[in-house]
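**Q** So here's final.cif (mmCIF, N, CA, C and O atoms).
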data_coords
loop_
_atom_site.group_PDB
_atom_site.id
_atom_site.type_symbol
_atom_site.label_atom_id
_atom_site.label_comp_id
_atom_site.auth_asym_id
_atom_site.auth_seq_id
_atom_site.Cartn_x
_atom_site.Cartn_y
_atom_site.Cartn_z
ATOM 1 N N MET A 26 -15.831 -51.940 -33.403
ATOM 2 C CA MET A 26 -15.838 -50.508 -33.182
ATOM 3 C C MET A 26 -14.903 -49.871 -34.207
ATOM 4 O O MET A 26 -13.783 -50.300 -34.370
ATOM 5 N N ASN A 27 -15.373 -48.878 -34.883
ATOM 6 C CA ASN A 27 -14.555 -48.179 -35.869
ATOM 7 C C ASN A 27 -13.856 -46.984 -35.243
ATOM 8 O O ASN A 27 -14.433 -46.283 -34.425
ATOM 9 N N THR A 28 -12.646 -46.767 -35.658
ATOM 10 C CA THR A 28 -11.903 -45.589 -35.230
ATOM 11 C C THR A 28 -12.013 -44.554 -36.332
ATOM 12 O O THR A 28 -11.648 -44.823 -37.469
ATOM 13 N N ILE A 29 -12.523 -43.385 -35.987
ATOM 14 C CA ILE A 29 -12.677 -42.337 -36.986
ATOM 15 C C ILE A 29 -11.456 -41.426 -36.993
ATOM 16 O O ILE A 29 -10.986 -41.021 -38.038
ATOM 17 N N LEU A 30 -10.947 -41.119 -35.827
ATOM 18 C CA LEU A 30 -9.825 -40.195 -35.738
ATOM 19 C C LEU A 30 -8.607 -40.886 -35.155
ATOM 20 O O LEU A 30 -8.672 -41.440 -34.077
ATOM 21 N N GLU A 31 -7.530 -40.862 -35.861
ATOM 22 C CA GLU A 31 -6.279 -41.357 -35.297
ATOM 23 C C GLU A 31 -5.193 -40.307 -35.417
ATOM 24 O O GLU A 31 -4.133 -40.451 -34.847
ATOM 25 N N GLY A 32 -5.430 -39.264 -36.138
ATOM 26 C CA GLY A 32 -4.442 -38.210 -36.307
ATOM 27 C C GLY A 32 -4.985 -36.904 -35.784
ATOM 28 O O GLY A 32 -5.985 -36.858 -35.077
ATOM 29 N N PHE A 33 -4.332 -35.849 -36.149
ATOM 30 C CA PHE A 33 -4.761 -34.525 -35.717
ATOM 31 C C PHE A 33 -5.699 -33.946 -36.764
ATOM 32 O O PHE A 33 -5.291 -33.234 -37.659
ATOM 33 N N LEU A 34 -6.967 -34.288 -36.666
ATOM 34 C CA LEU A 34 -7.993 -33.792 -37.564
ATOM 35 C C LEU A 34 -8.990 -32.982 -36.758
ATOM 36 O O LEU A 34 -9.131 -33.171 -35.561
ATOM 37 N N GLU A 35 -9.702 -32.122 -37.427
ATOM 38 C CA GLU A 35 -10.686 -31.307 -36.730
ATOM 39 C C GLU A 35 -12.031 -32.029 -36.729
ATOM 40 O O GLU A 35 -12.617 -32.281 -37.787
ATOM 41 N N LEU A 36 -12.491 -32.386 -35.546
ATOM 42 C CA LEU A 36 -13.728 -33.134 -35.387
ATOM 43 C C LEU A 36 -14.917 -32.388 -35.982
ATOM 44 O O LEU A 36 -15.829 -32.996 -36.531
ATOM 45 N N LYS A 37 -14.895 -31.084 -35.919
ATOM 46 C CA LYS A 37 -15.999 -30.281 -36.447
ATOM 47 C C LYS A 37 -16.211 -30.548 -37.937
ATOM 48 O O LYS A 37 -17.336 -30.707 -38.397
ATOM 49 N N GLU A 38 -15.130 -30.641 -38.695
ATOM 50 C CA GLU A 38 -15.231 -30.903 -40.130
ATOM 51 C C GLU A 38 -15.782 -32.297 -40.398
ATOM 52 O O GLU A 38 -16.573 -32.506 -41.314
ATOM 53 N N ILE A 39 -15.367 -33.263 -39.601
ATOM 54 C CA ILE A 39 -15.850 -34.631 -39.781
ATOM 55 C C ILE A 39 -17.347 -34.713 -39.493
ATOM 56 O O ILE A 39 -18.110 -35.297 -40.263
ATOM 57 N N LEU A 40 -17.799 -34.098 -38.400
ATOM 58 C CA LEU A 40 -19.226 -34.124 -38.072
ATOM 59 C C LEU A 40 -20.049 -33.411 -39.131
ATOM 60 O O LEU A 40 -21.143 -33.860 -39.480
ATOM 61 N N ASN A 41 -19.543 -32.320 -39.650
ATOM 62 C CA ASN A 41 -20.267 -31.607 -40.704
ATOM 63 C C ASN A 41 -20.439 -32.481 -41.947
ATOM 64 O O ASN A 41 -21.442 -32.386 -42.644
ATOM 65 N N SER A 42 -19.481 -33.359 -42.218
ATOM 66 C CA SER A 42 -19.575 -34.225 -43.393
ATOM 67 C C SER A 42 -20.648 -35.301 -43.229
ATOM 68 O O SER A 42 -21.085 -35.896 -44.217
ATOM 69 N N PHE A 43 -21.099 -35.580 -42.016
ATOM 70 C CA PHE A 43 -22.143 -36.578 -41.782
ATOM 71 C C PHE A 43 -23.535 -36.069 -42.141
ATOM 72 O O PHE A 43 -24.477 -36.842 -42.166
ATOM 73 N N ASN A 44 -23.677 -34.772 -42.377
ATOM 74 C CA ASN A 44 -24.958 -34.172 -42.772
ATOM 75 C C ASN A 44 -26.097 -34.514 -41.808
ATOM 76 O O ASN A 44 -27.204 -34.843 -42.218
ATOM 77 N N GLY A 45 -25.832 -34.480 -40.511
ATOM 78 C CA GLY A 45 -26.869 -34.696 -39.508
ATOM 79 C C GLY A 45 -27.015 -36.130 -39.036
ATOM 80 O O GLY A 45 -27.722 -36.389 -38.073
ATOM 81 N N LEU A 46 -26.377 -37.093 -39.688
ATOM 82 C CA LEU A 46 -26.493 -38.498 -39.279
ATOM 83 C C LEU A 46 -25.911 -38.754 -37.894
ATOM 84 O O LEU A 46 -26.312 -39.707 -37.226
ATOM 85 N N GLU A 47 -24.980 -37.923 -37.447
ATOM 86 C CA GLU A 47 -24.360 -38.125 -36.128
ATOM 87 C C GLU A 47 -25.383 -38.031 -35.008
ATOM 88 O O GLU A 47 -25.205 -38.608 -33.942
ATOM 89 N N LYS A 48 -26.498 -37.340 -35.259
ATOM 90 C CA LYS A 48 -27.527 -37.168 -34.231
ATOM 91 C C LYS A 48 -28.313 -38.446 -33.970
ATOM 92 O O LYS A 48 -28.988 -38.563 -32.960
ATOM 93 N N ASP A 49 -28.208 -39.435 -34.874
ATOM 94 C CA ASP A 49 -28.940 -40.692 -34.728
ATOM 95 C C ASP A 49 -28.234 -41.710 -33.840
ATOM 96 O O ASP A 49 -28.744 -42.803 -33.637
ATOM 97 N N TYR A 50 -27.066 -41.355 -33.335
ATOM 98 C CA TYR A 50 -26.254 -42.318 -32.593
ATOM 99 C C TYR A 50 -25.745 -41.734 -31.285
ATOM 100 O O TYR A 50 -25.624 -40.521 -31.140
ATOM 101 N N ASN A 51 -25.419 -42.609 -30.360
ATOM 102 C CA ASN A 51 -24.657 -42.243 -29.169
ATOM 103 C C ASN A 51 -23.206 -42.557 -29.472
ATOM 104 O O ASN A 51 -22.904 -43.506 -30.204
ATOM 105 N N TRP A 52 -22.293 -41.778 -28.905
ATOM 106 C CA TRP A 52 -20.885 -41.892 -29.238
ATOM 107 C C TRP A 52 -20.062 -42.184 -27.994
ATOM 108 O O TRP A 52 -20.306 -41.614 -26.939
ATOM 109 N N LEU A 53 -19.098 -43.074 -28.147
ATOM 110 C CA LEU A 53 -18.132 -43.351 -27.099
ATOM 111 C C LEU A 53 -16.808 -42.745 -27.534
ATOM 112 O O LEU A 53 -16.246 -43.121 -28.567
ATOM 113 N N LEU A 54 -16.329 -41.784 -26.781
ATOM 114 C CA LEU A 54 -15.039 -41.150 -27.042
ATOM 115 C C LEU A 54 -14.077 -41.642 -25.977
ATOM 116 O O LEU A 54 -14.377 -41.582 -24.786
ATOM 117 N N THR A 55 -12.920 -42.138 -26.389
ATOM 118 C CA THR A 55 -11.971 -42.699 -25.430
ATOM 119 C C THR A 55 -10.586 -42.114 -25.628
ATOM 120 O O THR A 55 -10.234 -41.669 -26.714
ATOM 121 N N ASP A 56 -9.834 -42.126 -24.542
ATOM 122 C CA ASP A 56 -8.421 -41.726 -24.557
ATOM 123 C C ASP A 56 -8.198 -40.366 -25.222
ATOM 124 O O ASP A 56 -7.297 -40.197 -26.029
ATOM 125 N N LEU A 57 -9.044 -39.415 -24.869
ATOM 126 C CA LEU A 57 -8.913 -38.069 -25.433
ATOM 127 C C LEU A 57 -7.756 -37.337 -24.776
ATOM 128 O O LEU A 57 -7.588 -37.372 -23.564
ATOM 129 N N ASP A 58 -6.997 -36.673 -25.589
ATOM 130 C CA ASP A 58 -5.912 -35.816 -25.113
ATOM 131 C C ASP A 58 -6.328 -34.395 -25.446
ATOM 132 O O ASP A 58 -6.075 -33.898 -26.533
ATOM 133 N N TRP A 59 -7.034 -33.768 -24.516
ATOM 134 C CA TRP A 59 -7.567 -32.435 -24.782
ATOM 135 C C TRP A 59 -7.643 -31.648 -23.488
ATOM 136 O O TRP A 59 -7.696 -32.193 -22.402
ATOM 137 N N SER A 60 -7.625 -30.365 -23.635
ATOM 138 C CA SER A 60 -7.874 -29.491 -22.487
ATOM 139 C C SER A 60 -9.267 -28.910 -22.691
ATOM 140 O O SER A 60 -9.634 -28.531 -23.794
ATOM 141 N N TYR A 61 -10.049 -28.881 -21.657
ATOM 142 C CA TYR A 61 -11.437 -28.471 -21.791
ATOM 143 C C TYR A 61 -11.838 -27.599 -20.611
ATOM 144 O O TYR A 61 -11.239 -27.660 -19.545
ATOM 145 N N GLN A 62 -12.849 -26.802 -20.854
ATOM 146 C CA GLN A 62 -13.437 -26.028 -19.776
ATOM 147 C C GLN A 62 -14.310 -26.965 -18.953
ATOM 148 O O GLN A 62 -14.876 -27.925 -19.467
ATOM 149 N N GLU A 63 -14.423 -26.699 -17.692
ATOM 150 C CA GLU A 63 -15.187 -27.571 -16.799
ATOM 151 C C GLU A 63 -16.629 -27.761 -17.271
ATOM 152 O O GLU A 63 -17.186 -28.836 -17.174
ATOM 153 N N ASN A 64 -17.250 -26.717 -17.822
ATOM 154 C CA ASN A 64 -18.650 -26.834 -18.244
ATOM 155 C C ASN A 64 -18.826 -27.732 -19.467
ATOM 156 O O ASN A 64 -19.930 -28.139 -19.784
ATOM 157 N N CYS A 65 -17.756 -28.089 -20.158
ATOM 158 C CA CYS A 65 -17.857 -29.015 -21.288
ATOM 159 C C CYS A 65 -18.314 -30.397 -20.835
ATOM 160 O O CYS A 65 -18.948 -31.120 -21.600
ATOM 161 N N LEU A 66 -18.026 -30.769 -19.611
ATOM 162 C CA LEU A 66 -18.429 -32.077 -19.117
ATOM 163 C C LEU A 66 -19.945 -32.205 -18.995
ATOM 164 O O LEU A 66 -20.478 -33.316 -18.982
ATOM 165 N N ASP A 67 -20.659 -31.082 -18.947
ATOM 166 C CA ASP A 67 -22.120 -31.105 -18.856
ATOM 167 C C ASP A 67 -22.770 -31.695 -20.110
ATOM 168 O O ASP A 67 -23.922 -32.115 -20.070
ATOM 169 N N TYR A 68 -22.069 -31.740 -21.226
ATOM 170 C CA TYR A 68 -22.621 -32.269 -22.467
ATOM 171 C C TYR A 68 -22.667 -33.793 -22.489
ATOM 172 O O TYR A 68 -23.369 -34.382 -23.281
ATOM 173 N N PHE A 69 -21.906 -34.448 -21.620
ATOM 174 C CA PHE A 69 -21.790 -35.900 -21.648
ATOM 175 C C PHE A 69 -22.854 -36.570 -20.796
ATOM 176 O O PHE A 69 -23.217 -36.081 -19.731
ATOM 177 N N GLU A 70 -23.343 -37.709 -21.280
ATOM 178 C CA GLU A 70 -24.302 -38.514 -20.523
ATOM 179 C C GLU A 70 -23.603 -39.193 -19.352
ATOM 180 O O GLU A 70 -24.176 -39.344 -18.287
ATOM 181 N N ASP A 71 -22.382 -39.646 -19.591
ATOM 182 C CA ASP A 71 -21.609 -40.343 -18.578
ATOM 183 C C ASP A 71 -20.137 -40.186 -18.943
ATOM 184 O O ASP A 71 -19.794 -40.123 -20.127
ATOM 185 N N TYR A 72 -19.275 -40.102 -17.959
ATOM 186 C CA TYR A 72 -17.847 -40.054 -18.239
ATOM 187 C C TYR A 72 -17.058 -40.618 -17.078
ATOM 188 O O TYR A 72 -17.504 -40.604 -15.936
ATOM 189 N N ARG A 73 -15.905 -41.162 -17.409
ATOM 190 C CA ARG A 73 -14.971 -41.694 -16.422
ATOM 191 C C ARG A 73 -13.591 -41.182 -16.781
ATOM 192 O O ARG A 73 -13.102 -41.429 -17.885
ATOM 193 N N ILE A 74 -12.975 -40.455 -15.891
ATOM 194 C CA ILE A 74 -11.628 -39.944 -16.112
ATOM 195 C C ILE A 74 -10.710 -40.681 -15.148
ATOM 196 O O ILE A 74 -10.770 -40.474 -13.942
ATOM 197 N N PHE A 75 -9.895 -41.554 -15.693
ATOM 198 C CA PHE A 75 -9.011 -42.376 -14.863
ATOM 199 C C PHE A 75 -7.695 -41.667 -14.590
ATOM 200 O O PHE A 75 -7.171 -41.687 -13.498
ATOM 201 N N ASP A 76 -7.133 -41.054 -15.596
ATOM 202 C CA ASP A 76 -5.932 -40.233 -15.470
ATOM 203 C C ASP A 76 -5.850 -39.366 -16.725
ATOM 204 O O ASP A 76 -6.798 -39.321 -17.505
ATOM 205 N N ASP A 77 -4.736 -38.684 -16.942
ATOM 206 C CA ASP A 77 -4.635 -37.736 -18.059
ATOM 207 C C ASP A 77 -4.796 -38.378 -19.437
ATOM 208 O O ASP A 77 -5.224 -37.733 -20.378
ATOM 209 N N LEU A 78 -4.451 -39.643 -19.573
ATOM 210 C CA LEU A 78 -4.489 -40.283 -20.883
ATOM 211 C C LEU A 78 -5.563 -41.353 -21.038
ATOM 212 O O LEU A 78 -5.790 -41.841 -22.133
ATOM 213 N N HIS A 79 -6.207 -41.746 -19.961
ATOM 214 C CA HIS A 79 -7.208 -42.802 -20.033
ATOM 215 C C HIS A 79 -8.548 -42.280 -19.530
ATOM 216 O O HIS A 79 -8.692 -41.972 -18.354
ATOM 217 N N ASN A 80 -9.504 -42.190 -20.449
ATOM 218 C CA ASN A 80 -10.809 -41.652 -20.117
ATOM 219 C C ASN A 80 -11.850 -42.192 -21.087
ATOM 220 O O ASN A 80 -11.530 -42.592 -22.193
ATOM 221 N N ASN A 81 -13.083 -42.224 -20.660
ATOM 222 C CA ASN A 81 -14.207 -42.660 -21.484
ATOM 223 C C ASN A 81 -15.324 -41.638 -21.348
ATOM 224 O O ASN A 81 -15.667 -41.243 -20.236
ATOM 225 N N PHE A 82 -15.907 -41.265 -22.472
ATOM 226 C CA PHE A 82 -16.998 -40.297 -22.479
ATOM 227 C C PHE A 82 -18.124 -40.820 -23.368
ATOM 228 O O PHE A 82 -17.901 -41.117 -24.536
ATOM 229 N N TRP A 83 -19.344 -40.929 -22.827
ATOM 230 C CA TRP A 83 -20.537 -41.247 -23.614
ATOM 231 C C TRP A 83 -21.289 -39.954 -23.869
ATOM 232 O O TRP A 83 -21.530 -39.176 -22.951
ATOM 233 N N ILE A 84 -21.688 -39.756 -25.122
ATOM 234 C CA ILE A 84 -22.381 -38.526 -25.482
ATOM 235 C C ILE A 84 -23.370 -38.815 -26.605
ATOM 236 O O ILE A 84 -23.114 -39.665 -27.461
ATOM 237 N N THR A 85 -24.507 -38.128 -26.583
ATOM 238 C CA THR A 85 -25.457 -38.263 -27.687
ATOM 239 C C THR A 85 -24.910 -37.516 -28.900
ATOM 240 O O THR A 85 -24.096 -36.597 -28.771
ATOM 241 N N GLY A 86 -25.372 -37.894 -30.061
ATOM 242 C CA GLY A 86 -24.927 -37.222 -31.283
ATOM 243 C C GLY A 86 -25.283 -35.746 -31.294
ATOM 244 O O GLY A 86 -24.508 -34.902 -31.741
ATOM 245 N N GLU A 87 -26.462 -35.437 -30.796
ATOM 246 C CA GLU A 87 -26.891 -34.038 -30.747
ATOM 247 C C GLU A 87 -25.982 -33.215 -29.823
ATOM 248 O O GLU A 87 -25.555 -32.112 -30.171
ATOM 249 N N ASN A 88 -25.669 -33.769 -28.648
ATOM 250 C CA ASN A 88 -24.782 -33.057 -27.724
ATOM 251 C C ASN A 88 -23.351 -33.001 -28.240
ATOM 252 O O ASN A 88 -22.642 -32.030 -27.981
ATOM 253 N N LEU A 89 -22.919 -34.027 -28.964
ATOM 254 C CA LEU A 89 -21.582 -34.007 -29.546
ATOM 255 C C LEU A 89 -21.447 -32.852 -30.531
ATOM 256 O O LEU A 89 -20.468 -32.113 -30.513
ATOM 257 N N LYS A 90 -22.458 -32.683 -31.353
ATOM 258 C CA LYS A 90 -22.446 -31.579 -32.328
ATOM 259 C C LYS A 90 -22.396 -30.230 -31.597
ATOM 260 O O LYS A 90 -21.618 -29.352 -31.963
ATOM 261 N N LYS A 91 -23.199 -30.067 -30.552
ATOM 262 C CA LYS A 91 -23.195 -28.826 -29.779
ATOM 263 C C LYS A 91 -21.838 -28.593 -29.124
ATOM 264 O O LYS A 91 -21.308 -27.482 -29.155
ATOM 265 N N LEU A 92 -21.294 -29.644 -28.512
ATOM 266 C CA LEU A 92 -20.005 -29.527 -27.830
ATOM 267 C C LEU A 92 -18.901 -29.122 -28.791
ATOM 268 O O LEU A 92 -18.081 -28.259 -28.484
ATOM 269 N N VAL A 93 -18.886 -29.728 -29.952
ATOM 270 C CA VAL A 93 -17.844 -29.417 -30.934
ATOM 271 C C VAL A 93 -17.913 -27.948 -31.329
ATOM 272 O O VAL A 93 -16.889 -27.274 -31.397
ATOM 273 N N HIS A 94 -19.104 -27.430 -31.541
ATOM 274 C CA HIS A 94 -19.231 -26.013 -31.907
ATOM 275 C C HIS A 94 -18.822 -25.101 -30.758
ATOM 276 O O HIS A 94 -18.151 -24.105 -30.969
ATOM 277 N N VAL A 95 -19.194 -25.435 -29.538
ATOM 278 C CA VAL A 95 -18.804 -24.629 -28.379
ATOM 279 C C VAL A 95 -17.303 -24.715 -28.147
ATOM 280 O O VAL A 95 -16.635 -23.709 -27.937
ATOM 281 N N TYR A 96 -16.763 -25.930 -28.201
ATOM 282 C CA TYR A 96 -15.343 -26.151 -27.920
ATOM 283 C C TYR A 96 -14.457 -25.436 -28.938
ATOM 284 O O TYR A 96 -13.518 -24.744 -28.581
ATOM 285 N N PHE A 97 -14.768 -25.580 -30.229
ATOM 286 C CA PHE A 97 -13.929 -24.939 -31.232
ATOM 287 C C PHE A 97 -14.116 -23.427 -31.256
ATOM 288 O O PHE A 97 -13.199 -22.699 -31.586
ATOM 289 N N ARG A 98 -15.291 -22.952 -30.876
ATOM 290 C CA ARG A 98 -15.483 -21.502 -30.756
ATOM 291 C C ARG A 98 -14.577 -20.966 -29.650
ATOM 292 O O ARG A 98 -13.948 -19.935 -29.776
ATOM 293 N N HIS A 99 -14.470 -21.719 -28.543
ATOM 294 C CA HIS A 99 -13.587 -21.328 -27.433
ATOM 295 C C HIS A 99 -12.125 -21.309 -27.889
ATOM 296 O O HIS A 99 -11.384 -20.395 -27.560
ATOM 297 N N LEU A 100 -11.716 -22.308 -28.661
ATOM 298 C CA LEU A 100 -10.333 -22.352 -29.148
ATOM 299 C C LEU A 100 -10.016 -21.158 -30.035
ATOM 300 O O LEU A 100 -8.930 -20.589 -29.956
ATOM 301 N N ILE A 101 -10.952 -20.794 -30.884
ATOM 302 C CA ILE A 101 -10.742 -19.654 -31.775
ATOM 303 C C ILE A 101 -10.585 -18.376 -30.955
ATOM 304 O O ILE A 101 -9.704 -17.571 -31.199
ATOM 305 N N LYS A 102 -11.440 -18.180 -29.953
ATOM 306 C CA LYS A 102 -11.332 -16.998 -29.097
ATOM 307 C C LYS A 102 -10.004 -16.984 -28.360
ATOM 308 O O LYS A 102 -9.390 -15.947 -28.215
ATOM 309 N N THR A 103 -9.587 -18.145 -27.884
ATOM 310 C CA THR A 103 -8.314 -18.234 -27.148
ATOM 311 C C THR A 103 -7.155 -17.866 -28.052
ATOM 312 O O THR A 103 -6.243 -17.144 -27.645
ATOM 313 N N ARG A 104 -7.153 -18.334 -29.267
ATOM 314 C CA ARG A 104 -6.071 -18.032 -30.203
ATOM 315 C C ARG A 104 -6.011 -16.543 -30.515
ATOM 316 O O ARG A 104 -4.954 -15.985 -30.694
ATOM 317 N N LYS A 105 -7.160 -15.887 -30.576
ATOM 318 C CA LYS A 105 -7.174 -14.450 -30.860
ATOM 319 C C LYS A 105 -6.565 -13.643 -29.713
ATOM 320 O O LYS A 105 -6.041 -12.574 -29.924
ATOM 321 N N LEU A 106 -6.669 -14.192 -28.499
ATOM 322 C CA LEU A 106 -6.129 -13.477 -27.352
ATOM 323 C C LEU A 106 -4.608 -13.590 -27.267
ATOM 324 O O LEU A 106 -3.954 -12.799 -26.615
ATOM 325 N N ILE A 107 -4.045 -14.600 -27.924
ATOM 326 C CA ILE A 107 -2.592 -14.814 -27.845
ATOM 327 C C ILE A 107 -1.871 -13.850 -28.748
ATOM 328 O O ILE A 107 -2.245 -13.512 -29.790
#
Write the structure described by the file as structure tokens, please.
**A**
Amino acid sequence: MNTILEGFLELKEILNSFNGLEKDYNWLLTDLDWSYQENCLDYFEDYRIFDDLHNNFWITGENLKKLVHVYFRHLIKTRKLI
């Protein structure tokens, strides 16, 4: 299993660099440290949240791309309100 992100990088930029190839795969995201809106969980095929630091999320590439655009759009709106 390859690790793509180990630092504070923007996932949206990484997915954009794949030029659509991300849609050909299912993705396992683990140990995410993020705050999310409840409706973001609807994008995942399956997920297990064990505690704040241990979690597993399965998502299709197409839904991952959609989620990233929705999630980062929400962050931008939130920052404008501050």
**Q** Name every residue that the PyMOL selection byres ((chain A and resi 75-77) around 8) selects in this structure, writing the answer as a PyMOL selection string with chains first and numbers rising.
**A** chain A and resi 56-59+72-74+78-81
**Q** Got time to write the residues from that selection, N, CA, C and O atoms, as a JSON list (two decimals), in the coordinates of the input?
**A**
[["chain", "number", "residue", "atom", "x", "y", "z"],
["A", 56, "ASP", "N", -9.83, -42.13, -24.54],
["A", 56, "ASP", "CA", -8.42, -41.73, -24.56],
["A", 56, "ASP", "C", -8.20, -40.37, -25.22],
["A", 56, "ASP", "O", -7.30, -40.20, -26.03],
["A", 57, "LEU", "N", -9.04, -39.42, -24.87],
["A", 57, "LEU", "CA", -8.91, -38.07, -25.43],
["A", 57, "LEU", "C", -7.76, -37.34, -24.78],
["A", 57, "LEU", "O", -7.59, -37.37, -23.56],
["A", 58, "ASP", "N", -7.00, -36.67, -25.59],
["A", 58, "ASP", "CA", -5.91, -35.82, -25.11],
["A", 58, "ASP", "C", -6.33, -34.40, -25.45],
["A", 58, "ASP", "O", -6.08, -33.90, -26.53],
["A", 59, "TRP", "N", -7.03, -33.77, -24.52],
["A", 59, "TRP", "CA", -7.57, -32.44, -24.78],
["A", 59, "TRP", "C", -7.64, -31.65, -23.49],
["A", 59, "TRP", "O", -7.70, -32.19, -22.40],
["A", 72, "TYR", "N", -19.27, -40.10, -17.96],
["A", 72, "TYR", "CA", -17.85, -40.05, -18.24],
["A", 72, "TYR", "C", -17.06, -40.62, -17.08],
["A", 72, "TYR", "O", -17.50, -40.60, -15.94],
["A", 73, "ARG", "N", -15.90, -41.16, -17.41],
["A", 73, "ARG", "CA", -14.97, -41.69, -16.42],
["A", 73, "ARG", "C", -13.59, -41.18, -16.78],
["A", 73, "ARG", "O", -13.10, -41.43, -17.89],
["A", 74, "ILE", "N", -12.98, -40.46, -15.89],
["A", 74, "ILE", "CA", -11.63, -39.94, -16.11],
["A", 74, "ILE", "C", -10.71, -40.68, -15.15],
["A", 74, "ILE", "O", -10.77, -40.47, -13.94],
["A", 78, "LEU", "N", -4.45, -39.64, -19.57],
["A", 78, "LEU", "CA", -4.49, -40.28, -20.88],
["A", 78, "LEU", "C", -5.56, -41.35, -21.04],
["A", 78, "LEU", "O", -5.79, -41.84, -22.13],
["A", 79, "HIS", "N", -6.21, -41.75, -19.96],
["A", 79, "HIS", "CA", -7.21, -42.80, -20.03],
["A", 79, "HIS", "C", -8.55, -42.28, -19.53],
["A", 79, "HIS", "O", -8.69, -41.97, -18.35],
["A", 80, "ASN", "N", -9.50, -42.19, -20.45],
["A", 80, "ASN", "CA", -10.81, -41.65, -20.12],
["A", 80, "ASN", "C", -11.85, -42.19, -21.09],
["A", 80, "ASN", "O", -11.53, -42.59, -22.19],
["A", 81, "ASN", "N", -13.08, -42.22, -20.66],
["A", 81, "ASN", "CA", -14.21, -42.66, -21.48],
["A", 81, "ASN", "C", -15.32, -41.64, -21.35],
["A", 81, "ASN", "O", -15.67, -41.24, -20.24]]
**Q** Report the distance between atom CA of A:Asn41 and atom CA of A:Glu63 in Å, rounded to one decimal place.
**A**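 Going from atom CA of A:Asn41 over to atom CA of A:Glu63, I get 24.8 Å.
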**Q** Figure out the distance between atom N of A:Asp71 and atom O of A:Gly45, please, to one decimal in Å.
**A** 19.5 Å
**Q** In Å, with one decimal, what is the gap from atom CA of A:Leu46 to atom CA of A:Ser60?
**A**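 So the answer is 26.6 Å.
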**Q** Around (-23.2, -32.9, -40.1) in the file's frame, which residues reach within 12 Å when counting only C-alpha atoms? Return as a VMD selection string?
**A** chain A and resid 36 to 49 86 to 87 89 to 91 93 to 94
**Q** Please produce a file of the residues just selected, as a compact mmCIF listing (two decimals), keeping the file's coordinate frame, where the atoms kept are N, CA, C and O atoms.
**A**
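Writing done, so here's out_35.txt:
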# COMPACT_ATOMS: atom_id res chain seq x y z
N LEU A 36 -12.49 -32.39 -35.55
CA LEU A 36 -13.73 -33.13 -35.39
C LEU A 36 -14.92 -32.39 -35.98
O LEU A 36 -15.83 -33.00 -36.53
N LYS A 37 -14.90 -31.08 -35.92
CA LYS A 37 -16.00 -30.28 -36.45
C LYS A 37 -16.21 -30.55 -37.94
O LYS A 37 -17.34 -30.71 -38.40
N GLU A 38 -15.13 -30.64 -38.70
CA GLU A 38 -15.23 -30.90 -40.13
C GLU A 38 -15.78 -32.30 -40.40
O GLU A 38 -16.57 -32.51 -41.31
N ILE A 39 -15.37 -33.26 -39.60
CA ILE A 39 -15.85 -34.63 -39.78
C ILE A 39 -17.35 -34.71 -39.49
O ILE A 39 -18.11 -35.30 -40.26
N LEU A 40 -17.80 -34.10 -38.40
CA LEU A 40 -19.23 -34.12 -38.07
C LEU A 40 -20.05 -33.41 -39.13
O LEU A 40 -21.14 -33.86 -39.48
N ASN A 41 -19.54 -32.32 -39.65
CA ASN A 41 -20.27 -31.61 -40.70
C ASN A 41 -20.44 -32.48 -41.95
O ASN A 41 -21.44 -32.39 -42.64
N SER A 42 -19.48 -33.36 -42.22
CA SER A 42 -19.58 -34.22 -43.39
C SER A 42 -20.65 -35.30 -43.23
O SER A 42 -21.08 -35.90 -44.22
N PHE A 43 -21.10 -35.58 -42.02
CA PHE A 43 -22.14 -36.58 -41.78
C PHE A 43 -23.54 -36.07 -42.14
O PHE A 43 -24.48 -36.84 -42.17
N ASN A 44 -23.68 -34.77 -42.38
CA ASN A 44 -24.96 -34.17 -42.77
C ASN A 44 -26.10 -34.51 -41.81
O ASN A 44 -27.20 -34.84 -42.22
N GLY A 45 -25.83 -34.48 -40.51
CA GLY A 45 -26.87 -34.70 -39.51
C GLY A 45 -27.02 -36.13 -39.04
O GLY A 45 -27.72 -36.39 -38.07
N LEU A 46 -26.38 -37.09 -39.69
CA LEU A 46 -26.49 -38.50 -39.28
C LEU A 46 -25.91 -38.75 -37.89
O LEU A 46 -26.31 -39.71 -37.23
N GLU A 47 -24.98 -37.92 -37.45
CA GLU A 47 -24.36 -38.12 -36.13
C GLU A 47 -25.38 -38.03 -35.01
O GLU A 47 -25.20 -38.61 -33.94
N LYS A 48 -26.50 -37.34 -35.26
CA LYS A 48 -27.53 -37.17 -34.23
C LYS A 48 -28.31 -38.45 -33.97
O LYS A 48 -28.99 -38.56 -32.96
N ASP A 49 -28.21 -39.44 -34.87
CA ASP A 49 -28.94 -40.69 -34.73
C ASP A 49 -28.23 -41.71 -33.84
O ASP A 49 -28.74 -42.80 -33.64
N GLY A 86 -25.37 -37.89 -30.06
CA GLY A 86 -24.93 -37.22 -31.28
C GLY A 86 -25.28 -35.75 -31.29
O GLY A 86 -24.51 -34.90 -31.74
N GLU A 87 -26.46 -35.44 -30.80
CA GLU A 87 -26.89 -34.04 -30.75
C GLU A 87 -25.98 -33.22 -29.82
O GLU A 87 -25.56 -32.11 -30.17
N LEU A 89 -22.92 -34.03 -28.96
CA LEU A 89 -21.58 -34.01 -29.55
C LEU A 89 -21.45 -32.85 -30.53
O LEU A 89 -20.47 -32.11 -30.51
N LYS A 90 -22.46 -32.68 -31.35
CA LYS A 90 -22.45 -31.58 -32.33
C LYS A 90 -22.40 -30.23 -31.60
O LYS A 90 -21.62 -29.35 -31.96
N LYS A 91 -23.20 -30.07 -30.55
CA LYS A 91 -23.20 -28.83 -29.78
C LYS A 91 -21.84 -28.59 -29.12
O LYS A 91 -21.31 -27.48 -29.16
N VAL A 93 -18.89 -29.73 -29.95
CA VAL A 93 -17.84 -29.42 -30.93
C VAL A 93 -17.91 -27.95 -31.33
O VAL A 93 -16.89 -27.27 -31.40
N HIS A 94 -19.10 -27.43 -31.54
CA HIS A 94 -19.23 -26.01 -31.91
C HIS A 94 -18.82 -25.10 -30.76
O HIS A 94 -18.15 -24.10 -30.97
**Q** Name the residues of stretch 65-102 of chain A that come out as strand (DSSP E or B) in a backbone DSSP run; write them as a list of chain:residue names.
**A**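 Those residues are A:Asp71, A:Tyr72, A:Arg73, A:Ile74, A:Asn80, A:Asn81, A:Phe82, A:Trp83, A:Ile84, A:Thr85.
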